[in-house]
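**Q** If it helps, the file is called upload.cif and holds mmCIF, C-alpha atoms; chains and numbers go by the auth columns:
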data_input
loop_
_atom_site.group_PDB
_atom_site.id
_atom_site.type_symbol
_atom_site.label_atom_id
_atom_site.label_comp_id
_atom_site.label_asym_id
_atom_site.label_seq_id
_atom_site.Cartn_x
_atom_site.Cartn_y
_atom_site.Cartn_z
_atom_site.B_iso_or_equiv
_atom_site.auth_seq_id
_atom_site.auth_asym_id
ATOM 1 C CA MET A 1 113.658 185.401 69.496 0.00 1 A
ATOM 2 C CA SER A 2 111.172 188.057 68.370 0.00 2 A
ATOM 3 C CA ASN A 3 107.487 188.661 68.870 0.00 3 A
ATOM 4 C CA LEU A 4 105.243 189.171 65.867 0.00 4 A
ATOM 5 C CA TYR A 5 101.615 190.261 66.111 0.00 5 A
ATOM 6 C CA LEU A 6 99.132 189.587 63.315 0.00 6 A
ATOM 7 C CA LEU A 7 96.209 192.021 63.426 0.00 7 A
ATOM 8 C CA HIS A 8 93.105 192.142 61.254 0.00 8 A
ATOM 9 C CA LYS A 9 92.921 195.904 60.802 0.00 9 A
ATOM 10 C CA PRO A 10 89.316 197.007 60.357 0.00 10 A
ATOM 11 C CA PHE A 11 88.051 199.507 57.804 0.00 11 A
ATOM 12 C CA HIS A 12 88.643 203.164 58.700 0.00 12 A
ATOM 13 C CA VAL A 13 91.372 202.514 61.269 0.00 13 A
ATOM 14 C CA LEU A 14 94.761 204.227 61.016 0.00 14 A
ATOM 15 C CA SER A 15 97.914 202.087 60.920 0.00 15 A
ATOM 16 C CA GLN A 16 99.332 203.991 63.913 0.00 16 A
ATOM 17 C CA PHE A 17 98.693 204.295 67.631 0.00 17 A
ATOM 18 C CA SER A 18 97.590 207.929 67.955 0.00 18 A
ATOM 19 C CA ASP A 19 95.764 210.565 65.944 0.00 19 A
ATOM 20 C CA ARG A 20 95.206 214.253 66.653 0.00 20 A
ATOM 21 C CA GLU A 21 91.933 214.192 64.721 0.00 21 A
ATOM 22 C CA GLY A 22 90.345 211.565 66.958 0.00 22 A
ATOM 23 C CA ARG A 23 90.094 208.814 64.346 0.00 23 A
ATOM 24 C CA GLN A 24 90.306 205.178 65.395 0.00 24 A
ATOM 25 C CA THR A 25 93.857 203.830 65.657 0.00 25 A
ATOM 26 C CA LEU A 26 95.569 200.547 66.441 0.00 26 A
ATOM 27 C CA ALA A 27 95.377 201.451 70.137 0.00 27 A
ATOM 28 C CA HIS A 28 91.638 200.698 70.004 0.00 28 A
ATOM 29 C CA TYR A 29 92.399 197.059 69.175 0.00 29 A
ATOM 30 C CA ILE A 30 95.777 195.974 70.538 0.00 30 A
ATOM 31 C CA ASP A 31 97.178 196.975 73.931 0.00 31 A
ATOM 32 C CA VAL A 32 100.730 195.612 73.675 0.00 32 A
ATOM 33 C CA LYS A 33 103.417 198.149 74.567 0.00 33 A
ATOM 34 C CA ASP A 34 106.429 199.065 72.442 0.00 34 A
ATOM 35 C CA ILE A 35 105.321 197.463 69.200 0.00 35 A
ATOM 36 C CA TYR A 36 105.296 199.105 65.784 0.00 36 A
ATOM 37 C CA PRO A 37 103.771 198.262 62.390 0.00 37 A
ATOM 38 C CA ALA A 38 105.906 196.551 59.768 0.00 38 A
ATOM 39 C CA GLY A 39 104.632 198.640 56.881 0.00 39 A
ATOM 40 C CA ARG A 40 101.244 200.251 56.554 0.00 40 A
ATOM 41 C CA LEU A 41 97.719 199.575 55.378 0.00 41 A
ATOM 42 C CA ASP A 42 95.564 202.406 54.073 0.00 42 A
ATOM 43 C CA TYR A 43 92.883 203.925 56.276 0.00 43 A
ATOM 44 C CA ASP A 44 90.148 202.696 53.933 0.00 44 A
ATOM 45 C CA SER A 45 91.641 199.207 53.458 0.00 45 A
ATOM 46 C CA GLU A 46 91.228 196.159 55.689 0.00 46 A
ATOM 47 C CA GLY A 47 93.093 193.018 56.553 0.00 47 A
ATOM 48 C CA LEU A 48 96.472 191.799 57.698 0.00 48 A
ATOM 49 C CA LEU A 49 98.854 194.180 59.448 0.00 49 A
ATOM 50 C CA LEU A 50 102.060 192.883 61.045 0.00 50 A
ATOM 51 C CA LEU A 51 103.529 194.490 64.164 0.00 51 A
ATOM 52 C CA SER A 52 106.613 193.688 66.207 0.00 52 A
ATOM 53 C CA ASP A 53 108.824 194.803 69.086 0.00 53 A
ATOM 54 C CA ASP A 54 111.934 193.959 67.001 0.00 54 A
ATOM 55 C CA GLY A 55 113.215 196.758 64.773 0.00 55 A
ATOM 56 C CA GLU A 56 115.357 194.442 62.653 0.00 56 A
ATOM 57 C CA LEU A 57 112.396 192.140 62.009 0.00 57 A
ATOM 58 C CA ILE A 58 110.238 195.119 61.032 0.00 58 A
ATOM 59 C CA HIS A 59 112.932 196.181 58.571 0.00 59 A
ATOM 60 C CA ARG A 60 113.193 192.701 57.035 0.00 60 A
ATOM 61 C CA ILE A 61 109.434 192.508 56.553 0.00 61 A
ATOM 62 C CA SER A 62 108.757 196.029 55.300 0.00 62 A
ATOM 63 C CA HIS A 63 111.825 197.024 53.282 0.00 63 A
ATOM 64 C CA PRO A 64 111.187 196.862 49.507 0.00 64 A
ATOM 65 C CA ARG A 65 114.509 195.080 48.979 0.00 65 A
ATOM 66 C CA HIS A 66 113.111 191.928 50.597 0.00 66 A
ATOM 67 C CA LYS A 67 110.038 191.962 48.325 0.00 67 A
ATOM 68 C CA GLN A 68 107.619 190.169 50.613 0.00 68 A
ATOM 69 C CA PRO A 69 104.690 189.216 48.358 0.00 69 A
ATOM 70 C CA LYS A 70 101.362 190.640 49.471 0.00 70 A
ATOM 71 C CA THR A 71 98.035 189.067 48.523 0.00 71 A
ATOM 72 C CA TYR A 72 94.804 191.066 48.386 0.00 72 A
ATOM 73 C CA TRP A 73 91.141 190.403 47.762 0.00 73 A
ATOM 74 C CA ALA A 74 89.592 193.339 45.914 0.00 74 A
ATOM 75 C CA GLN A 75 85.903 193.909 45.270 0.00 75 A
ATOM 76 C CA LEU A 76 85.722 195.769 41.982 0.00 76 A
ATOM 77 C CA GLU A 77 83.249 197.986 40.186 0.00 77 A
ATOM 78 C CA GLY A 78 82.009 195.881 37.255 0.00 78 A
ATOM 79 C CA HIS A 79 82.940 192.373 36.127 0.00 79 A
ATOM 80 C CA ILE A 80 86.661 192.216 35.472 0.00 80 A
ATOM 81 C CA ASP A 81 87.458 190.737 32.076 0.00 81 A
ATOM 82 C CA ASP A 82 90.278 188.616 30.708 0.00 82 A
ATOM 83 C CA ALA A 83 91.994 191.572 29.044 0.00 83 A
ATOM 84 C CA ALA A 84 92.285 193.380 32.378 0.00 84 A
ATOM 85 C CA LEU A 85 93.616 190.248 34.105 0.00 85 A
ATOM 86 C CA LYS A 86 96.209 189.817 31.365 0.00 86 A
ATOM 87 C CA ALA A 87 97.349 193.431 31.738 0.00 87 A
ATOM 88 C CA LEU A 88 97.783 193.054 35.504 0.00 88 A
ATOM 89 C CA ARG A 89 99.771 189.849 35.015 0.00 89 A
ATOM 90 C CA GLN A 90 102.076 191.465 32.478 0.00 90 A
ATOM 91 C CA GLY A 91 102.548 194.721 34.385 0.00 91 A
ATOM 92 C CA ILE A 92 101.106 198.136 33.643 0.00 92 A
ATOM 93 C CA VAL A 93 102.497 201.661 33.585 0.00 93 A
ATOM 94 C CA LEU A 94 101.382 203.977 36.381 0.00 94 A
ATOM 95 C CA LYS A 95 102.361 207.609 36.895 0.00 95 A
ATOM 96 C CA ASP A 96 105.327 206.532 39.040 0.00 96 A
ATOM 97 C CA GLY A 97 106.525 203.931 36.551 0.00 97 A
ATOM 98 C CA PRO A 98 105.774 200.391 35.396 0.00 98 A
ATOM 99 C CA THR A 99 104.584 197.771 37.861 0.00 99 A
ATOM 100 C CA GLN A 100 106.120 194.353 38.125 0.00 100 A
ATOM 101 C CA PRO A 101 104.060 191.437 36.816 0.00 101 A
ATOM 102 C CA ALA A 102 101.415 190.409 39.351 0.00 102 A
ATOM 103 C CA LYS A 103 99.509 187.239 40.027 0.00 103 A
ATOM 104 C CA ALA A 104 95.877 187.993 39.242 0.00 104 A
ATOM 105 C CA ARG A 105 92.812 185.788 39.127 0.00 105 A
ATOM 106 C CA ARG A 106 89.079 186.221 39.265 0.00 106 A
ATOM 107 C CA ILE A 107 87.523 184.647 42.382 0.00 107 A
ATOM 108 C CA ALA A 108 84.009 183.939 43.599 0.00 108 A
ATOM 109 C CA PRO A 109 82.652 186.357 46.226 0.00 109 A
ATOM 110 C CA PRO A 110 84.510 185.259 49.371 0.00 110 A
ATOM 111 C CA VAL A 111 83.028 184.759 52.810 0.00 111 A
ATOM 112 C CA THR A 112 84.119 187.897 54.656 0.00 112 A
ATOM 113 C CA ALA A 113 83.057 189.858 57.694 0.00 113 A
ATOM 114 C CA THR A 114 80.498 192.545 56.917 0.00 114 A
ATOM 115 C CA ARG A 115 82.130 195.907 56.470 0.00 115 A
ATOM 116 C CA GLN A 116 80.562 198.948 58.100 0.00 116 A
ATOM 117 C CA PRO A 117 79.406 200.714 56.072 0.00 117 A
ATOM 118 C CA ALA A 118 78.799 197.989 53.510 0.00 118 A
ATOM 119 C CA ILE A 119 79.108 198.512 49.766 0.00 119 A
ATOM 120 C CA ASP A 120 75.763 199.933 48.617 0.00 120 A
ATOM 121 C CA PRO A 121 74.243 197.565 46.005 0.00 121 A
ATOM 122 C CA LYS A 122 72.085 200.373 44.638 0.00 122 A
ATOM 123 C CA ARG A 123 75.116 202.497 43.834 0.00 123 A
ATOM 124 C CA HIS A 124 77.200 199.518 42.733 0.00 124 A
ATOM 125 C CA PRO A 125 74.845 196.887 41.306 0.00 125 A
ATOM 126 C CA SER A 126 77.569 195.081 39.362 0.00 126 A
ATOM 127 C CA THR A 127 80.737 193.978 41.168 0.00 127 A
ATOM 128 C CA SER A 128 83.327 191.213 40.981 0.00 128 A
ATOM 129 C CA TRP A 129 86.203 189.942 43.116 0.00 129 A
ATOM 130 C CA LEU A 130 89.899 189.776 42.250 0.00 130 A
ATOM 131 C CA GLU A 131 92.773 188.048 44.040 0.00 131 A
ATOM 132 C CA LEU A 132 95.967 189.981 43.368 0.00 132 A
ATOM 133 C CA THR A 133 99.484 189.235 44.597 0.00 133 A
ATOM 134 C CA ILE A 134 102.173 191.901 44.203 0.00 134 A
ATOM 135 C CA SER A 135 105.775 192.163 45.407 0.00 135 A
ATOM 136 C CA GLU A 136 105.922 195.947 45.558 0.00 136 A
ATOM 137 C CA GLY A 137 104.622 198.400 48.116 0.00 137 A
ATOM 138 C CA ARG A 138 103.783 201.672 46.380 0.00 138 A
ATOM 139 C CA ASN A 139 101.219 204.050 47.797 0.00 139 A
ATOM 140 C CA ARG A 140 97.689 202.757 47.089 0.00 140 A
ATOM 141 C CA GLN A 141 99.132 200.525 44.406 0.00 141 A
ATOM 142 C CA VAL A 142 96.351 197.948 44.142 0.00 142 A
ATOM 143 C CA ARG A 143 93.669 200.625 43.839 0.00 143 A
ATOM 144 C CA ARG A 144 95.655 202.431 41.163 0.00 144 A
ATOM 145 C CA MET A 145 96.293 199.215 39.250 0.00 145 A
ATOM 146 C CA THR A 146 92.658 198.137 39.114 0.00 146 A
ATOM 147 C CA ALA A 147 91.499 201.642 38.201 0.00 147 A
ATOM 148 C CA HIS A 148 94.086 201.737 35.407 0.00 148 A
ATOM 149 C CA VAL A 149 92.589 198.627 33.781 0.00 149 A
ATOM 150 C CA GLY A 150 89.054 200.008 34.122 0.00 150 A
ATOM 151 C CA PHE A 151 87.752 198.337 37.289 0.00 151 A
ATOM 152 C CA PRO A 152 88.013 200.609 40.346 0.00 152 A
ATOM 153 C CA THR A 153 88.391 198.970 43.735 0.00 153 A
ATOM 154 C CA LEU A 154 85.423 199.357 46.086 0.00 154 A
ATOM 155 C CA ARG A 155 86.714 197.221 48.945 0.00 155 A
ATOM 156 C CA LEU A 156 90.251 195.987 49.621 0.00 156 A
ATOM 157 C CA ILE A 157 91.304 193.259 52.055 0.00 157 A
ATOM 158 C CA ARG A 158 94.935 192.206 52.519 0.00 158 A
ATOM 159 C CA MET A 159 95.004 188.462 53.078 0.00 159 A
ATOM 160 C CA ALA A 160 98.709 187.657 53.323 0.00 160 A
ATOM 161 C CA ILE A 161 102.193 189.123 53.676 0.00 161 A
ATOM 162 C CA GLY A 162 104.896 186.636 52.772 0.00 162 A
ATOM 163 C CA PRO A 163 104.237 183.440 54.771 0.00 163 A
ATOM 164 C CA TRP A 164 101.829 185.132 57.190 0.00 164 A
ATOM 165 C CA ARG A 165 98.093 184.868 56.480 0.00 165 A
ATOM 166 C CA LEU A 166 94.971 186.452 57.906 0.00 166 A
ATOM 167 C CA ASP A 167 93.286 183.033 58.234 0.00 167 A
ATOM 168 C CA ASP A 168 90.234 183.199 60.510 0.00 168 A
ATOM 169 C CA LEU A 169 91.018 186.443 62.343 0.00 169 A
ATOM 170 C CA MET A 170 87.969 188.669 62.456 0.00 170 A
ATOM 171 C CA PRO A 171 88.245 192.480 62.162 0.00 171 A
ATOM 172 C CA GLY A 172 89.916 193.821 65.287 0.00 172 A
ATOM 173 C CA GLU A 173 91.259 190.443 66.392 0.00 173 A
ATOM 174 C CA TRP A 174 94.949 189.600 66.645 0.00 174 A
ATOM 175 C CA ARG A 175 97.283 186.761 67.473 0.00 175 A
ATOM 176 C CA LYS A 176 100.902 186.536 68.555 0.00 176 A
ATOM 177 C CA GLU A 177 103.715 184.413 67.153 0.00 177 A
ATOM 178 C CA THR A 178 107.246 183.945 68.462 0.00 178 A
ATOM 179 C CA LEU A 179 109.849 183.907 65.715 0.00 179 A
ATOM 180 C CA HIS A 180 113.113 182.136 66.263 0.00 180 A
ATOM 181 C CA ALA A 181 114.887 184.560 63.987 0.00 181 A
ATOM 182 C CA PRO A 182 118.446 184.035 62.678 0.00 182 A
ATOM 183 C CA ARG A 183 121.340 186.013 64.075 0.00 183 A
ATOM 184 C CA PRO A 184 122.650 188.891 61.906 0.00 184 A
ATOM 185 C CA ALA A 185 125.428 186.670 60.498 0.00 185 A
ATOM 186 C CA ASN A 186 122.794 184.290 59.155 0.00 186 A
ATOM 187 C CA THR A 187 120.075 186.635 57.974 0.00 187 A
ATOM 188 C CA HIS A 188 119.238 184.565 54.910 0.00 188 A
ATOM 189 C CA SER A 189 118.208 181.510 56.880 0.00 189 A
ATOM 190 C CA ARG A 190 114.531 180.663 56.892 0.00 190 A
ATOM 191 C CA GLN A 191 112.642 181.831 59.963 0.00 191 A
ATOM 192 C CA ARG A 192 110.635 179.361 61.944 0.00 192 A
ATOM 193 C CA ALA A 193 107.518 180.526 63.757 0.00 193 A
ATOM 194 C CA ARG A 194 105.148 178.967 66.209 0.00 194 A
ATOM 195 C CA PRO A 195 101.944 180.464 67.660 0.00 195 A
ATOM 196 C CA THR A 196 102.329 181.359 71.330 0.00 196 A
ATOM 197 C CA ALA A 197 98.967 182.894 72.138 0.00 197 A
ATOM 198 C CA LYS A 198 95.341 182.477 71.247 0.00 198 A
ATOM 199 C CA ARG A 199 93.793 185.138 69.112 0.00 199 A
ATOM 200 C CA ARG A 200 92.677 188.204 70.975 0.00 200 A
ATOM 201 C CA LYS A 201 89.428 190.027 70.371 0.00 201 A
ATOM 202 C CA PRO A 202 89.103 193.815 70.108 0.00 202 A
ATOM 203 C CA LEU A 203 89.494 195.800 73.323 0.00 203 A
#
Would you give me this structure, written as structure tokens?
**A**
Amino acid sequence: MSNLYLLHKPFHVLSQFSDREGRQTLAHYIDVKDIYPAGRLDYDSEGLLLLSDDGELIHRISHPRHKQPKTYWAQLEGHIDDAALKALRQGIVLKDGPTQPAKARRIAPPVTATRQPAIDPKRHPSTSWLELTISEGRNRQVRRMTAHVGFPTLRLIRMAIGPWRLDDLMPGEWRKETLHAPRPANTHSRQRARPTAKRRKPL
């Protein structure tokens, strides 16, 4: 049995619990001891971050070999066109090599919490939204992919990691699940999870 914590990481919060420069960290939002992030989310990105007190679970979630799909909502500069969507779906070549084919679709502006600071409509009068699902975890990959096809990312929200979704968690809120994880001899069995706590608001 393992504990998994689903946190909606706000914009401009580090995916760690301390910072010598005084920037906001996870400690400002979740006060559970001896938990660690399963992977990272950029300082200027928002959305789902998974944390656990189980090192083996963290490894299974974050290691590239397990290829947990990650779904993002990206607000883009300009109106993304069909050619760009096709390129993302087929895979593109970045400086560190070709990407795997992604799931990409244009979406209507979603209902999201207001980001502070918000995207300035005077500086960015024309924007569109993309839903992108990738199975890799390269540094700033989504931002590099959208810039490569001509539509830089202005705002990035991670909505899902594998079977875990952000759902209705607001920025800074979190909830806990207990996973009845398989023993090491049966690591390929499907995990079963059940919520064990109501969502918690920021500290």
**Q** Give me the residues within 10 Å of Trp164 of chain A as a PyMOL selection string, counting all atoms listed in the file and dropping any in the same chain fewer than 5 places off.
**A** chain A and resi 6+48-50+70+159+193
**Q** Which residue, A:Ala113, A:Leu130, A:Ala108, A:Ala74, has the smallest gap to Glu173 of chain A when you use all atoms listed in the file?
**A** A:Ala113
**Q** Between A:Ala102, A:Leu156, A:Leu166, A:Val111, which residue has the minimum interatomic distance to Glu46 of chain A, considering only C-alpha atoms?
**A**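 Closest to Glu46 of chain A of all the choices is A:Leu156.
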**Q** With only C-alpha atoms as the basis for distance, which of A:Asp53, A:Asp120, A:Asp34, A:Asp81 is at the shortest distance from Asn3 of chain A?
**A** A:Asp53
**Q** Just to confirm, what's the straight-line distance from atom CA of Arg115 of chain A to atom CA of Pro10 of chain A in Å (one decimal)?
**A**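 Atom CA of Pro10 of chain A lies at a distance of 8.2 Å from atom CA of Arg115 of chain A.
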**Q** With distances taken over only C-alpha atoms, which residue among A:Arg123, A:Ser45, A:Leu154, A:Phe17 lies nearest Val32 of chain A?
**A**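 Result for the nearest residue to Val32 of chain A: A:Phe17.
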**Q** Tell me which of A:Met170, A:Ala83, A:Ala147, A:Ala160 sits closest to Thr114 of chain A, counting only C-alpha atoms.
**A**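 That would be A:Met170, the residue with the smallest distance to Thr114 of chain A.
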**Q** Looking at all atoms listed in the file, which of A:Leu57, A:Val149, A:Ile157, A:Met1 is the one that sits closest to Gly78 of chain A?
**A** A:Val149
**Q** Could you tell me how far atom CA of Arg155 of chain A lies from atom CA of Arg143 of chain A, in Å and to one decimal?
**A** 9.3 Å
**Q** Using the chain letters and numbers from the file, give me the residues hit by the PyMOL selection byres ((chain A and resi 58) around 12), as a list in words.
**A**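 Applying the PyMOL selection byres ((chain A and resi 58) around 12) to the structure shown produces Ser2, Asn3, Leu4, Tyr5, Ile35, Tyr36, Pro37, Ala38, Gly39, Arg40, Leu49, Leu50, Leu51, Ser52, Asp53, Asp54, Gly55, Glu56, Leu57, His59, Arg60, Ile61, Ser62, His63, Pro64, His66, Gln68 and Ala181 of chain A.
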